[in-house]
Amino acid sequence: MNEPVASEPPEGLVELVEALLLACNEPVSVETLGVMIGQETSAPLIEAALERIALRWDSHRFIELVSRRVDGQRVWHLVAGAAVAPYLKAADPARAPRLSRAALETLALIAWRQPITRGEIEAARGVAVNPQIVKLLTERGWVRSLGVRDSPGRPEMLGTTRQFLTDFGLDSLEELPDFARFAGQDDIDV
Amino acid sequence: MNEPVASEPPEGLVELVEALLLACNEPVSVETLGVMIGQETSAPLIEAALERIALRWDSHRFIELVSRRVDGQRVWHLVAGAAVAPYLKAADPARAPRLSRAALETLALIAWRQPITRGEIEAARGVAVNPQIVKLLTERGWVRSLGVRDSPGRPEMLGTTRQFLTDFGLDSLEELPDFARFAGQDDIDV
Amino acid sequence: MSSEARAPAGLRWVDATPRVSGEPMEQLPLDLYIPADALAIWLEQFEGPLDLLLYLIRKHNIDILEIPVARVTEQYLEYLALMKSMAIELAAEYLLMAAWLTEIKSRMLLPPEPRAEDDEEPLDPRAELVARLLEYERTTRAATYLDQRPRRERDWFGLSIEPPHRLAARPVPADLAGLIATMQGLLREGSVQRAHHVRAEPLSIRQRMTEILDALAGWRRCELADIFRADEGRLGVAVTTVAILELSRTRAIDWSQEVPFGPVTLFRPADEPVGRTDSSEAQDERTGSE
């Protein structure tokens, strides 16, 4: 990145990179942009185009070009500033997301079996735990780390928070039904 | 909408509307923008801001502000044209695979004949419905279950979604030409 | 079968017959002249018996309403034979259609069935076939219509920016009934051992651990004395002590003591993932009111 810029990026390239950044739902790396645009466009030229885009959005009050490192790779995307958040929240409360089945199962296991590791959740559900789900539950303030277990690999143990209790209308974890009492019965009326 | 514009929209409002358009991921109406921004901003002022945004992107080679009617509502979004398609495909060949004839015919029957069951689709096409096709159409957000029909076997009824309208640029299902009109006459070449 | 009248006398299916240097080729179908591999691929393109029939009808410029069943049946069977010879696996529907066509053909040879009302036209044995072909033709055209519309991800692309970070966790409604039903479901599936059930304890160490972490999330550090509750008695002291020991063992918390017998301060290790202030706003409020 310290190499001198080969040449001023043509306006068409700048606009193409801008359109690609906006059309991709995920942050993109210079390498990915290179694959998209084609070999004849050098990485420094793409970087120069990104610089121009950054400059262009610099004066925008609500949008900026952000680069961050993900898995050791520098990726770029246009991001809305925090100031936009309240406006977006004002719109359409009916669109409030629901927990997916996978998220509900993960949360249920964490609630009833805490402290529980990802490995144990995976064993119980029979599928890998999507890190996004744990992230979602953490961001929602319902799940947190309880430290690491003193066993090989030092897996992180997950548990629920007090906010989980508040949000689910529980005074304490003891209020969660003890399913062992119902063992052998098929259905429990909720 | 024919009222005179109250005043020139402040630059901050223009940029806020631009950020909201981009952060929403879906086309938004002036009404929705109004709810987000707050009551003190009048609809004509928001429309003036949209006009300014349209003007701003007018010279861009790949991006434009588009307005269309969906479900009888005028909605706005910033889009890139087909010119970016080959670039996006280059990085992600799996992105939006082309639709097979079987998929298009199934989608057409669902769109025009909804609510329709798999059995009825099979009867119309003369071949079994490949479950992969219904899955693909569902995953792309165009088709959904409309419940089960109250007849033997309780077959699932399929219908199209609002996203189907958006993605195919349709105002409403009424905009679809009369199915009978596709009969006879001269050939439409595929 | 009026359309067959179009064929010049002496030559069957003249409009279907390929010509080489003006000479008609009696070999059918004409598509044989493409390489075998390509032919197989081409034959596989048919979306079913209706599609194949429509192809034959369109190709020979036949009026759907006046299908020459004998001729079409013969061609249909030839294509079927060809597909079989190319080892193309035929769906059962193709054979069903062949049987149906043959049946219609034979019924065409019989005198028309008399109908209840004398003035009504006799029922054409082809009527249902014609109706299905027309319906399928409409379907293919409707499909073409859809395909020609500007479509997202092909002709245009919605643009978006990443929403503000604080919005990433849009509030998901808490649904206790759903959560309980989910756990029941997991237990019923049997993958989760019932034996590991949560045991109700009068004072739960786990719950106490949670409370300590909550306190630290708000205050960042607190004194040991603040954690103990006099009203819980000896059992409370024991539970709290075990909870603190458990938390320090798992490095969720750390503690320090400046002087021997001085106050013990609990705090969160600086580099710990624990107690990330994700939900600190809400927790601040609560710990303040305790």
# chains A, B, ... in the order shown; residues from 1 in each chain; ligands from 1
call {"tool": "calpha_fit_rmsd", "arguments": {"fixed": "chain B", "moving": "chain A"}}
result
14.4 Å
call {"tool": "interface_residues", "arguments": {"of": "chain A", "to": "chain B", "cutoff": "12 Å", "atoms": "only C-alpha atoms", "output": "tab-separated table (two decimals) with N, CA and C atoms, in the first residue's frame"}}
result
chain	number	residue	atom	x	y	z
A	11	GLU	N	-12.24	8.14	-13.89
A	11	GLU	CA	-13.52	8.36	-13.22
A	11	GLU	C	-14.44	7.15	-13.36
A	12	GLY	N	-14.40	6.50	-14.52
A	12	GLY	CA	-15.26	5.33	-14.74
A	12	GLY	C	-14.95	4.23	-13.74
A	13	LEU	N	-13.67	4.03	-13.45
A	13	LEU	CA	-13.27	3.00	-12.48
A	13	LEU	C	-13.76	3.37	-11.08
A	14	VAL	N	-13.60	4.64	-10.73
A	14	VAL	CA	-14.04	5.08	-9.40
A	14	VAL	C	-15.54	4.80	-9.24
A	15	GLU	N	-16.30	5.14	-10.26
A	15	GLU	CA	-17.74	4.94	-10.16
A	15	GLU	C	-18.10	3.47	-10.17
A	16	LEU	N	-17.35	2.66	-10.91
A	16	LEU	CA	-17.61	1.22	-10.92
A	16	LEU	C	-17.36	0.63	-9.53
A	17	VAL	N	-16.21	0.99	-8.94
A	17	VAL	CA	-15.89	0.47	-7.61
A	17	VAL	C	-16.97	0.90	-6.61
A	18	GLU	N	-17.41	2.13	-6.75
A	18	GLU	CA	-18.44	2.65	-5.86
A	18	GLU	C	-19.73	1.82	-6.00
A	19	ALA	N	-20.12	1.55	-7.25
A	19	ALA	CA	-21.33	0.76	-7.49
A	19	ALA	C	-21.17	-0.65	-6.94
A	20	LEU	N	-20.00	-1.23	-7.11
A	20	LEU	CA	-19.78	-2.60	-6.62
A	20	LEU	C	-19.82	-2.64	-5.09
A	21	LEU	N	-19.22	-1.64	-4.46
A	21	LEU	CA	-19.26	-1.57	-2.99
A	21	LEU	C	-20.71	-1.54	-2.50
A	22	LEU	N	-21.53	-0.78	-3.21
A	22	LEU	CA	-22.92	-0.62	-2.78
A	22	LEU	C	-23.77	-1.83	-3.14
A	23	ALA	N	-23.39	-2.53	-4.21
A	23	ALA	CA	-24.21	-3.66	-4.65
A	23	ALA	C	-23.86	-4.95	-3.91
A	24	CYS	N	-22.66	-4.99	-3.31
A	24	CYS	CA	-22.30	-6.17	-2.54
A	24	CYS	C	-22.87	-6.00	-1.14
A	25	ASN	N	-23.45	-7.05	-0.63
A	25	ASN	CA	-24.03	-6.93	0.71
A	25	ASN	C	-22.98	-7.04	1.80
A	26	GLU	N	-21.80	-7.45	1.39
A	26	GLU	CA	-20.76	-7.62	2.38
A	26	GLU	C	-19.56	-6.74	2.06
A	28	VAL	N	-15.98	-5.77	0.95
A	28	VAL	CA	-15.16	-6.44	-0.05
A	28	VAL	C	-13.70	-6.02	0.07
A	29	SER	N	-12.82	-6.94	-0.29
A	29	SER	CA	-11.40	-6.67	-0.26
A	29	SER	C	-10.96	-6.17	-1.63
A	30	VAL	N	-9.76	-5.60	-1.65
A	30	VAL	CA	-9.21	-5.15	-2.93
A	30	VAL	C	-9.06	-6.35	-3.87
A	31	GLU	N	-8.72	-7.52	-3.28
A	31	GLU	CA	-8.58	-8.72	-4.10
A	31	GLU	C	-9.89	-9.07	-4.79
A	32	THR	N	-10.97	-9.05	-4.00
A	32	THR	CA	-12.28	-9.38	-4.58
A	32	THR	C	-12.65	-8.37	-5.66
A	33	LEU	N	-12.40	-7.09	-5.36
A	33	LEU	CA	-12.67	-6.07	-6.38
A	33	LEU	C	-11.85	-6.35	-7.64
A	34	GLY	N	-10.62	-6.80	-7.43
A	34	GLY	CA	-9.77	-7.14	-8.57
A	34	GLY	C	-10.36	-8.26	-9.40
A	35	VAL	N	-10.87	-9.29	-8.71
A	35	VAL	CA	-11.50	-10.41	-9.42
A	35	VAL	C	-12.70	-9.91	-10.22
A	36	MET	N	-13.45	-9.00	-9.62
A	36	MET	CA	-14.64	-8.49	-10.31
A	36	MET	C	-14.27	-7.69	-11.54
A	37	ILE	N	-13.30	-6.81	-11.35
A	37	ILE	CA	-13.05	-5.82	-12.40
A	37	ILE	C	-12.20	-6.40	-13.51
A	38	GLY	N	-11.35	-7.36	-13.17
A	38	GLY	CA	-10.53	-7.98	-14.20
A	38	GLY	C	-9.06	-7.69	-14.00
A	39	GLN	N	-8.27	-8.60	-14.54
A	39	GLN	CA	-6.84	-8.56	-14.26
A	39	GLN	C	-6.13	-7.30	-14.71
A	57	TRP	N	-16.97	10.67	0.04
A	57	TRP	CA	-17.98	10.51	1.08
A	57	TRP	C	-17.58	11.19	2.38
A	59	SER	N	-17.26	14.16	3.25
A	59	SER	CA	-18.05	15.32	3.68
A	59	SER	C	-19.49	14.94	3.98
A	60	HIS	N	-19.86	13.68	3.70
A	60	HIS	CA	-21.25	13.25	3.93
A	60	HIS	C	-21.50	13.10	5.43
A	61	ARG	N	-22.61	13.64	5.89
A	61	ARG	CA	-22.87	13.61	7.33
A	61	ARG	C	-23.20	12.22	7.85
A	62	PHE	N	-23.73	11.35	6.98
A	62	PHE	CA	-24.28	10.10	7.50
A	62	PHE	C	-23.64	8.83	6.94
A	63	ILE	N	-22.84	8.98	5.90
A	63	ILE	CA	-22.27	7.79	5.26
A	63	ILE	C	-20.76	7.95	5.16
A	64	GLU	N	-20.06	6.86	5.46
A	64	GLU	CA	-18.61	6.94	5.27
A	64	GLU	C	-18.07	5.62	4.76
A	78	LEU	N	-19.23	0.78	2.58
A	78	LEU	CA	-19.84	2.04	2.93
A	78	LEU	C	-20.81	1.78	4.07
A	79	VAL	N	-20.72	2.60	5.11
A	79	VAL	CA	-21.45	2.34	6.34
A	79	VAL	C	-22.24	3.58	6.73
A	80	ALA	N	-23.42	3.33	7.27
A	80	ALA	CA	-24.21	4.44	7.80
A	80	ALA	C	-23.70	4.78	9.20
A	81	GLY	N	-23.62	6.05	9.49
A	81	GLY	CA	-23.16	6.48	10.80
A	81	GLY	C	-24.19	6.20	11.88
A	82	ALA	N	-23.75	6.21	13.12
A	82	ALA	CA	-24.64	5.91	14.24
A	82	ALA	C	-25.81	6.90	14.29
A	83	ALA	N	-25.61	8.08	13.73
A	83	ALA	CA	-26.67	9.09	13.79
A	83	ALA	C	-27.92	8.65	13.03
A	84	VAL	N	-27.77	7.67	12.13
A	84	VAL	CA	-28.92	7.22	11.34
A	84	VAL	C	-29.79	6.26	12.14
A	85	ALA	N	-29.18	5.63	13.15
A	85	ALA	CA	-29.87	4.57	13.88
A	85	ALA	C	-31.25	4.95	14.39
A	86	PRO	N	-31.38	6.08	15.09
A	86	PRO	CA	-32.72	6.40	15.61
A	86	PRO	C	-33.76	6.55	14.52
A	87	TYR	N	-33.37	7.06	13.36
A	87	TYR	CA	-34.34	7.22	12.28
A	87	TYR	C	-34.80	5.85	11.77
A	88	LEU	N	-33.86	4.94	11.64
A	88	LEU	CA	-34.23	3.61	11.15
A	88	LEU	C	-35.11	2.89	12.15
A	89	LYS	N	-34.82	3.11	13.41
A	89	LYS	CA	-35.61	2.44	14.44
A	89	LYS	C	-37.04	2.95	14.43
A	90	ALA	N	-37.22	4.19	14.00
A	90	ALA	CA	-38.56	4.78	14.03
A	90	ALA	C	-39.48	4.11	13.01
A	91	ALA	N	-38.87	3.47	12.01
A	91	ALA	CA	-39.67	2.95	10.91
A	91	ALA	C	-40.20	1.55	11.21
A	92	ASP	N	-41.47	1.39	10.93
A	92	ASP	CA	-42.05	0.07	10.82
A	92	ASP	C	-41.70	-0.88	11.95
A	93	PRO	N	-42.25	-0.66	13.13
A	93	PRO	CA	-41.96	-1.58	14.22
A	93	PRO	C	-42.51	-2.97	13.92
A	95	ARG	N	-41.91	-4.66	11.53
A	95	ARG	CA	-40.88	-5.48	10.90
A	95	ARG	C	-39.94	-6.10	11.92
call {"tool": "interface_residues", "arguments": {"of": "chain A", "to": "chain C", "cutoff": "7 Å", "atoms": "only C-alpha atoms", "output": "ChimeraX atom specification"}}
result
/A:22-23,25,78-82,84-85,96-99,104-105,108,112-113,124-125,136,139-141,144-150,161-162,167-168,174,178-180,190
call {"tool": "atom_distance", "arguments": {"atom1": "CA of Val130 in chain C", "atom2": "CA of Ile67 in chain C"}}
result
8.0 Å
call {"tool": "select_by_dssp", "arguments": {"residues": "range 22-147 of chain B", "states": "strand (DSSP E)", "output": "MDAnalysis selection string"}}
result
chainID B and resid 28:29 63:70 73:81 116:117 143:147
call {"tool": "atom_distance", "arguments": {"atom1": "CA of Gln148 in chain C", "atom2": "CA of Ser100 in chain B"}}
result
13.3 Å
call {"tool": "residues_around", "arguments": {"residues": "Gly159 in chain A", "least_positions_apart": "5", "cutoff": "6 Å", "atoms": "only C-alpha atoms", "output": "JSON list (two decimals) with all heavy atoms, in the first residue's frame"}}
result
[["chain", "number", "residue", "atom", "x", "y", "z"],
["A", 110, "ILE", "N", -28.86, -22.70, 26.24],
["A", 110, "ILE", "CA", -28.05, -21.87, 27.12],
["A", 110, "ILE", "C", -28.81, -21.60, 28.42],
["A", 110, "ILE", "O", -28.25, -21.67, 29.52],
["A", 110, "ILE", "CB", -27.64, -20.55, 26.43],
["A", 110, "ILE", "CG1", -26.71, -20.83, 25.26],
["A", 110, "ILE", "CG2", -26.96, -19.59, 27.41],
["A", 110, "ILE", "CD1", -26.39, -19.63, 24.39],
["A", 114, "GLN", "N", -26.94, -23.88, 31.27],
["A", 114, "GLN", "CA", -25.75, -23.07, 31.54],
["A", 114, "GLN", "C", -25.05, -23.55, 32.80],
["A", 114, "GLN", "O", -25.72, -24.04, 33.72],
["A", 114, "GLN", "CB", -26.13, -21.60, 31.66],
["A", 114, "GLN", "CG", -27.16, -21.31, 32.73],
["A", 114, "GLN", "CD", -27.67, -19.89, 32.61],
["A", 114, "GLN", "OE1", -26.90, -18.98, 32.64],
["A", 114, "GLN", "NE2", -28.98, -19.75, 32.43],
["A", 115, "PRO", "N", -23.73, -23.43, 32.92],
["A", 115, "PRO", "CA", -22.85, -22.96, 31.85],
["A", 115, "PRO", "C", -22.68, -24.04, 30.77],
["A", 115, "PRO", "O", -22.46, -25.19, 31.12],
["A", 115, "PRO", "CB", -21.54, -22.68, 32.56],
["A", 115, "PRO", "CG", -21.58, -23.53, 33.79],
["A", 115, "PRO", "CD", -23.01, -23.76, 34.14],
["A", 143, "VAL", "N", -27.32, -13.21, 26.42],
["A", 143, "VAL", "CA", -26.31, -14.26, 26.59],
["A", 143, "VAL", "C", -24.97, -13.62, 26.81],
["A", 143, "VAL", "O", -24.68, -12.57, 26.25],
["A", 143, "VAL", "CB", -26.29, -15.18, 25.34],
["A", 143, "VAL", "CG1", -25.02, -16.01, 25.30],
["A", 143, "VAL", "CG2", -27.52, -16.07, 25.32],
["A", 144, "ARG", "N", -24.17, -14.23, 27.64],
["A", 144, "ARG", "CA", -22.81, -13.72, 27.81],
["A", 144, "ARG", "C", -21.88, -14.85, 28.18],
["A", 144, "ARG", "O", -22.31, -15.95, 28.53],
["A", 144, "ARG", "CB", -22.80, -12.68, 28.88],
["A", 144, "ARG", "CG", -23.11, -13.38, 30.18],
["A", 144, "ARG", "CD", -22.64, -12.62, 31.33],
["A", 144, "ARG", "NE", -23.58, -12.90, 32.41],
["A", 144, "ARG", "CZ", -23.88, -12.03, 33.32],
["A", 144, "ARG", "NH1", -23.36, -10.85, 33.29],
["A", 144, "ARG", "NH2", -24.70, -12.36, 34.27]]
